[in-house]
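These notes are about the structure you will find just below.
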Amino acid sequence: MKLIVQIPCYNEEATLRATVADIPRQIDGVDEVEILVIDDGSDDATARLAREAGVEHVVQHKINKGLAQAFRSGIDAALAVGADIIVNTDGDNQYAGRSIPDLIRPILEGRADIVIGDRRPSENPEFSWSKRRLQALGSLVVRRLSGTNVPDAVSGFRAISRQAALALNIVSPFSYTIETLIQAGSHQMAVESVPVETNAASRPSRLFRNIPHFLVNSATTVVRIYAMYHPLRTFGYLGILLGLVGLVPILRFLYLFALSQAGGHVQSLVLGGILVLMGFLCLLFALVADLVNFNRKLIEETQHRVRRMELERRTEAADKSVERKDVERFSPAPAGPEPAVIERLKRG
């Protein structure tokens with residue numbers, strides 16, 4: 001059982017050593033613990049410090065691509081080196097490494113595909129009152145949309161099994177936290193949440209500039225990903241809503257027309273007709289989007305199979321390489337005359 005702890009980093013030279021040192025190297029039920037650092041186009045010495053700190057794997061982006069892309073690069077690299085479980089943590093040492101054994105236990109016991117670390121925002125002194133309320137509201141929305149029961153939906157401290165990692169496909173440019181939960185719910189993965197410990201904040205978050213920026217980007221991500229995985233429901237509800245709203249002015253016009261007072265209320269008929277037409281177009285779009293959704297599922301299934309085949313091929317190649325080296329190392333010397341016999345033959 002191999003555990004890879006991946007750490008997406010952007011200019012984290014001040015905290016990376018402490019983050020790496022906090023990760024336990026021996027965990028019950030795990031044979032190997034290795035660390036993978038994703039340097040997302042840092043301007044400082046993050047990559048060099050990672051190697052000096054004893055990190056086994058370092059992936060470097062030439063430019064800053066954002067947290068979601070760094071997370072995806074880490075997942076691909078962790079799978080390539082044979083990870084059975086992948087733990088994602090932050091480079092600012094926000095999450096306590098001593099909680100990793102608790103985080104991976106549901107996967108080791110076969111109960112979960114993905115485990116989210118619950119920071120308990122309502123009790124965490126690092127969170128302000130407004131941030132606690134927003135976290136609670138956001139997590140409630142994500143739970144309803146994803147069909148999962150996760151109290152801290154935007155927690156980046158999470159463990160992912162190999163099979164779950166093979167199935168995930170991150171497309172959001174902002175953050176992976178919400179998207180992975182919606183995908184997990186759509187793929188009917190087993191998702192659990194466990195309480196974890198956190199360290200004192202070392203710096204403000206770099207993911208967003210302020211609360212409004214975070215809310216706008218999070219809402220955009222939720223709408224985009226939910227519409228991608230549930231297009232019929234999304235656009236179908238929108239079409240029904242527009243149709244019902246459009247019926248109101250139409251019924252008003254018909255009522256006034258029955259009373260012979262509709263002469264000055266043609267605008268109600270026009271407005272209602274436009275809304276009903278928009279609703280009908282949304283319903284048509286919902287059907288088309290649902291057909292496209294079936295094609296996306298086929299593509300994702302193909303991608304999953306290709307990833308699994310590539311992983312199996314790498315594993316087989318690595319096993320053959322090890323076997324070949326073992327054979328060369330332990331195979332007996334070729335049969336032939338002993339050196340003493342050769343010397344006597346030379347003398348003659």
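Ordered as shown in the structure tokens, chains take letters A, B, and onward, while each chain numbers its residues from 1 and ligands are numbered from 1 in the order shown.
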Practice prompt. For A:Ser99, work out the shell of residues within 12 Å, counting only C-alpha atoms and skipping chain neighbours fewer than 6 positions away, then give it as a ChimeraX atom specification.
Written response: /A:22-24,27,87,89,105,116-119,157-159,194-199
Item to complete: Find the residues around A:Ala153 up to 12 Å (only C-alpha atoms counted), leave out those fewer than 4 positions away in its own chain, and share them as an NGL selection string.
Response: :A and (115-121 or 134-149 or 157-158 or 175-182 or 191-194 or 218 or 222)
Worksheet entry | strand (DSSP E or B) call set, DSSP backbone run, stretch 138-175 of chain A, as a PyMOL selection string | chain A and resi 158-161
Selected residues written out with N, CA and C atoms, as a CSV table (one decimal), in the first residue's frame:
```csv
chain,number,residue,atom,x,y,z
A,158,ARG,N,-7.9,16.3,1.9
A,158,ARG,CA,-8.7,15.2,1.5
A,158,ARG,C,-7.9,14.0,1.0
A,159,ALA,N,-8.4,12.8,1.2
A,159,ALA,CA,-7.8,11.6,0.7
A,159,ALA,C,-8.6,11.0,-0.4
A,160,ILE,N,-7.9,10.4,-1.4
A,160,ILE,CA,-8.6,9.9,-2.6
A,160,ILE,C,-8.0,8.5,-2.9
A,161,SER,N,-8.8,7.6,-3.1
A,161,SER,CA,-8.4,6.2,-3.5
A,161,SER,C,-7.9,6.3,-5.0
```
Discussion item. With only C-alpha atoms as the counted atoms, please give the residues lying no more than 10 Å from stretch 45-50 of chain A, apart from itself and same-chain residues fewer than 6 positions off, as a ChimeraX atom specification.
Written reply: /A:9-17,20,35-39,56-60,91
File of the preceding selection, N, CA and C atoms, as a PDB file, in the first residue's frame:
```
ATOM      1  N   CYS A   9       1.850  24.014  -4.513  1.00  0.00           N
ATOM      2  CA  CYS A   9       2.564  25.159  -3.921  1.00  0.00           C
ATOM      3  C   CYS A   9       2.692  26.297  -4.920  1.00  0.00           C
ATOM      4  N   TYR A  10       2.575  27.499  -4.403  1.00  0.00           N
ATOM      5  CA  TYR A  10       2.901  28.699  -5.170  1.00  0.00           C
ATOM      6  C   TYR A  10       3.586  29.674  -4.220  1.00  0.00           C
ATOM      7  N   ASN A  11       4.893  29.814  -4.383  1.00  0.00           N
ATOM      8  CA  ASN A  11       5.702  30.680  -3.515  1.00  0.00           C
ATOM      9  C   ASN A  11       5.525  30.327  -2.037  1.00  0.00           C
ATOM     10  N   GLU A  12       5.848  29.084  -1.711  1.00  0.00           N
ATOM     11  CA  GLU A  12       5.664  28.594  -0.339  1.00  0.00           C
ATOM     12  C   GLU A  12       6.998  28.300   0.355  1.00  0.00           C
ATOM     13  N   GLU A  13       8.071  28.993  -0.025  1.00  0.00           N
ATOM     14  CA  GLU A  13       9.362  28.689   0.578  1.00  0.00           C
ATOM     15  C   GLU A  13       9.380  28.977   2.082  1.00  0.00           C
ATOM     16  N   ALA A  14       8.528  29.862   2.551  1.00  0.00           N
ATOM     17  CA  ALA A  14       8.532  30.209   3.977  1.00  0.00           C
ATOM     18  C   ALA A  14       7.901  29.123   4.845  1.00  0.00           C
ATOM     19  N   THR A  15       7.001  28.330   4.279  1.00  0.00           N
ATOM     20  CA  THR A  15       6.254  27.356   5.086  1.00  0.00           C
ATOM     21  C   THR A  15       6.431  25.919   4.634  1.00  0.00           C
ATOM     22  N   LEU A  16       7.075  25.692   3.494  1.00  0.00           N
ATOM     23  CA  LEU A  16       7.122  24.344   2.932  1.00  0.00           C
ATOM     24  C   LEU A  16       7.895  23.373   3.820  1.00  0.00           C
ATOM     25  N   ARG A  17       9.000  23.816   4.404  1.00  0.00           N
ATOM     26  CA  ARG A  17       9.780  22.923   5.266  1.00  0.00           C
ATOM     27  C   ARG A  17       8.926  22.409   6.428  1.00  0.00           C
ATOM     28  N   VAL A  20       6.325  19.840   5.144  1.00  0.00           N
ATOM     29  CA  VAL A  20       6.917  18.529   4.867  1.00  0.00           C
ATOM     30  C   VAL A  20       7.288  17.816   6.162  1.00  0.00           C
ATOM     31  N   ILE A  35       6.196  11.918  -0.677  1.00  0.00           N
ATOM     32  CA  ILE A  35       5.664  13.280  -0.792  1.00  0.00           C
ATOM     33  C   ILE A  35       5.888  13.790  -2.206  1.00  0.00           C
ATOM     34  N   LEU A  36       4.877  14.434  -2.738  1.00  0.00           N
ATOM     35  CA  LEU A  36       4.924  15.022  -4.072  1.00  0.00           C
ATOM     36  C   LEU A  36       4.594  16.509  -3.963  1.00  0.00           C
ATOM     37  N   VAL A  37       5.499  17.351  -4.432  1.00  0.00           N
ATOM     38  CA  VAL A  37       5.282  18.797  -4.437  1.00  0.00           C
ATOM     39  C   VAL A  37       5.022  19.255  -5.860  1.00  0.00           C
ATOM     40  N   ILE A  38       3.933  20.008  -6.049  1.00  0.00           N
ATOM     41  CA  ILE A  38       3.629  20.601  -7.347  1.00  0.00           C
ATOM     42  C   ILE A  38       3.954  22.083  -7.268  1.00  0.00           C
ATOM     43  N   ASP A  39       5.036  22.489  -7.900  1.00  0.00           N
ATOM     44  CA  ASP A  39       5.454  23.893  -7.910  1.00  0.00           C
ATOM     45  C   ASP A  39       4.737  24.591  -9.055  1.00  0.00           C
ATOM     46  N   GLU A  56      10.284  13.281  -2.352  1.00  0.00           N
ATOM     47  CA  GLU A  56      10.650  12.284  -3.364  1.00  0.00           C
ATOM     48  C   GLU A  56      10.316  12.724  -4.791  1.00  0.00           C
ATOM     49  N   HIS A  57       9.237  13.494  -4.962  1.00  0.00           N
ATOM     50  CA  HIS A  57       8.779  13.839  -6.311  1.00  0.00           C
ATOM     51  C   HIS A  57       8.462  15.339  -6.371  1.00  0.00           C
ATOM     52  N   VAL A  58       8.922  15.991  -7.422  1.00  0.00           N
ATOM     53  CA  VAL A  58       8.635  17.413  -7.636  1.00  0.00           C
ATOM     54  C   VAL A  58       8.160  17.607  -9.070  1.00  0.00           C
ATOM     55  N   VAL A  59       6.987  18.197  -9.227  1.00  0.00           N
ATOM     56  CA  VAL A  59       6.447  18.550 -10.537  1.00  0.00           C
ATOM     57  C   VAL A  59       6.455  20.070 -10.630  1.00  0.00           C
ATOM     58  N   GLN A  60       6.978  20.616 -11.719  1.00  0.00           N
ATOM     59  CA  GLN A  60       7.078  22.065 -11.865  1.00  0.00           C
ATOM     60  C   GLN A  60       6.294  22.553 -13.076  1.00  0.00           C
ATOM     61  N   GLY A  91       0.295  23.899   1.030  1.00  0.00           N
ATOM     62  CA  GLY A  91       1.692  24.223   1.284  1.00  0.00           C
ATOM     63  C   GLY A  91       1.904  25.221   2.397  1.00  0.00           C
TER      64      GLY A  91
END
```
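Among A:Lys131, A:Asp102, A:Val171, A:Asp43, the residue with the shortest atom-to-atom distance to A:Met228, counting only C-alpha atoms, is A:Val171.
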Discussion item. I'd like the neighbourhood of A:Asn64 as a PyMOL selection string, where a residue qualifies if any of its atoms comes within 8 Å (using only C-alpha atoms), though same-chain residues fewer than 4 positions away should be ignored.
Written reply: chain A and resi 10+40-42
